[in-house]
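Engineer: Have a look at this one before I ask anything.
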Amino acid sequence: MTVAAGTLFVVSTPIGNLGDLSERAIATLRSVNAVLAEDTRHSRPLLERHGVAAKLVAYHEHNEAKTTPLLVARLVGGESFALISDAGTPLISDPGSRLVRAAIDAGVVVAPVPGASALLAALVGSGLDAERFTFFGFLARKGRARTEAVAAIGALAHTAVLYEAPARVGETLADLATAGAGDRQAVVARELTKQFEEFRRGTVRVLAESYMNEAPRGEVVLVIAGAEPMVLDEDALRIRARALRADGLSARDVVRVLTEEAQAPRNLAYRLAHE
């Protein structure tokens, strides 16, 4: 007789206010064979508060490579687990993606149990456009990865959301201002769902100056408005294209200049270069 595989539940937990743990999440945590927690010491009080007696198993970035195959084998064997992080929704800047992928590859059902998310709480409370956004997680502290991420946010035409350590909020906002986002609207959301929840609004440049002098306290999410769309003057672009051709540039080079320097759409640049 073949034993049916268990289920891996991905369960969101509160990011501050303990009342944000849903009834479904509590029932799920009570039903599984074990709860996989990023920090068992941190998660134990939450589970005890809600009468969850399931065994706590440590699952974090330092042991996931070794532990994942063993957990998947147990899932295939019929056990069910709930994956949680220290706060919010697992996998969002937290461990868990390795286990979820391995479980899916093994034919195990992965069931999300939605709930609190600092990313979404900051976005919907910011007042900035939430129709389209890009989440950048935590930026690298230095090097090419950081430079490229800052440049990407500076050029982004829609809302950007990122996490940042309190001590680096001022520096990150200053880097974004240098990358051309200084006049864009931004929100620094901190201590979401907690007693001292705060949304501070202003331009990137003004907020950078404020937090360079005094770092915020608590957990922080930054929300940055997208760049305003450029208004292209087709007549001016046509004159520029003709001048470039007169200087001896090929049509291909004219297209490159118009798209890179003037930010013209490629189809428009191509048409003007060949007029």
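Scheme for the structure tokens: letters A, B, ... for chains in order shown; per-chain residue numbers from 1; ligand numbers from 1 in order shown.
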Among segment 118-231 of chain A, which residues does DSSP mark as strand (DSSP E) when it is run on the backbone? Keep the chain and numbering as in the structure and answer as a PyMOL selection string.

Structural biologist: chain A and resi 133-138+159-164+185-190+198-203+220-224

Engineer: Pick out the residues sitting within 8 Å of Ala111 of chain A, and hand them over as an MDAnalysis selection string; count only C-alpha atoms, and ignore anything fewer than 6 positions along from it in its own chain.

Structural biologist: chainID A and resid 7:10

Engineer: Please give the complete set of residues from segment 56-254 of chain A that DSSP, run on the backbone, assigns to alpha helix (DSSP H), formatted as an NGL selection string.

Structural biologist: :A and (64-76 or 97-105 or 118-126 or 143-155 or 169-176 or 204-213 or 234-246 or 251-254)

Engineer: Restricting the calculation to only C-alpha atoms, which member of A:Leu75, A:Val161, A:Val108, A:Ala122 is positioned closest to Glu198 of chain A?

Structural biologist: A:Ala122

Engineer: Hey, what's within 12 Å of Ala189 of chain A if we count only C-alpha atoms and toss same-chain stuff fewer than 4 positions away? As a ChimeraX atom specification, please?

Structural biologist: /A:118-127,161-164,166,169,193-194,196-202,207,216-224

Engineer: Restrict the selected residues to C-alpha atoms and save them as an mmCIF file, in the first residue's frame.

Structural biologist:
```cif
data_model
loop_
_atom_site.group_PDB
_atom_site.id
_atom_site.type_symbol
_atom_site.label_atom_id
_atom_site.label_comp_id
_atom_site.auth_asym_id
_atom_site.auth_seq_id
_atom_site.Cartn_x
_atom_site.Cartn_y
_atom_site.Cartn_z
ATOM 1 C CA ALA A 118 5.836 43.856 6.144
ATOM 2 C CA LEU A 119 6.259 44.357 2.394
ATOM 3 C CA LEU A 120 2.527 44.616 1.697
ATOM 4 C CA ALA A 121 1.705 46.486 4.905
ATOM 5 C CA ALA A 122 4.231 49.202 4.022
ATOM 6 C CA LEU A 123 3.070 49.387 0.409
ATOM 7 C CA VAL A 124 -0.642 49.775 1.101
ATOM 8 C CA GLY A 125 -0.026 52.235 3.937
ATOM 9 C CA SER A 126 2.426 54.369 1.988
ATOM 10 C CA GLY A 127 -0.062 56.172 -0.227
ATOM 11 C CA VAL A 161 9.945 48.506 -1.995
ATOM 12 C CA LEU A 162 12.991 47.425 -0.002
ATOM 13 C CA TYR A 163 13.987 46.404 3.482
ATOM 14 C CA GLU A 164 16.840 48.135 5.255
ATOM 15 C CA PRO A 166 17.921 51.120 10.654
ATOM 16 C CA VAL A 169 18.531 53.974 6.083
ATOM 17 C CA THR A 193 1.591 46.821 13.402
ATOM 18 C CA LYS A 194 3.428 47.648 16.659
ATOM 19 C CA PHE A 196 4.991 52.923 17.691
ATOM 20 C CA GLU A 197 4.105 52.286 14.037
ATOM 21 C CA GLU A 198 5.119 55.255 11.899
ATOM 22 C CA PHE A 199 4.953 56.338 8.249
ATOM 23 C CA ARG A 200 7.271 59.248 7.519
ATOM 24 C CA ARG A 201 6.774 60.818 4.099
ATOM 25 C CA GLY A 202 8.815 63.213 1.982
ATOM 26 C CA LEU A 207 14.351 61.917 4.189
ATOM 27 C CA PRO A 216 15.230 55.330 12.878
ATOM 28 C CA ARG A 217 14.438 52.715 15.485
ATOM 29 C CA GLY A 218 12.929 49.302 14.849
ATOM 30 C CA GLU A 219 12.198 47.348 11.667
ATOM 31 C CA VAL A 220 12.147 49.511 8.529
ATOM 32 C CA VAL A 221 10.619 49.268 5.051
ATOM 33 C CA LEU A 222 11.378 51.864 2.374
ATOM 34 C CA VAL A 223 8.841 52.637 -0.356
ATOM 35 C CA ILE A 224 10.078 54.763 -3.277
#
```

Engineer: Just checking: using only C-alpha atoms, which residue out of A:Ala5, A:Ala102, A:Ala174, A:Val113 ends up closest to Arg24 of chain A?

Structural biologist: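 Selected residue with least distance to Arg24 of chain A: A:Val113.
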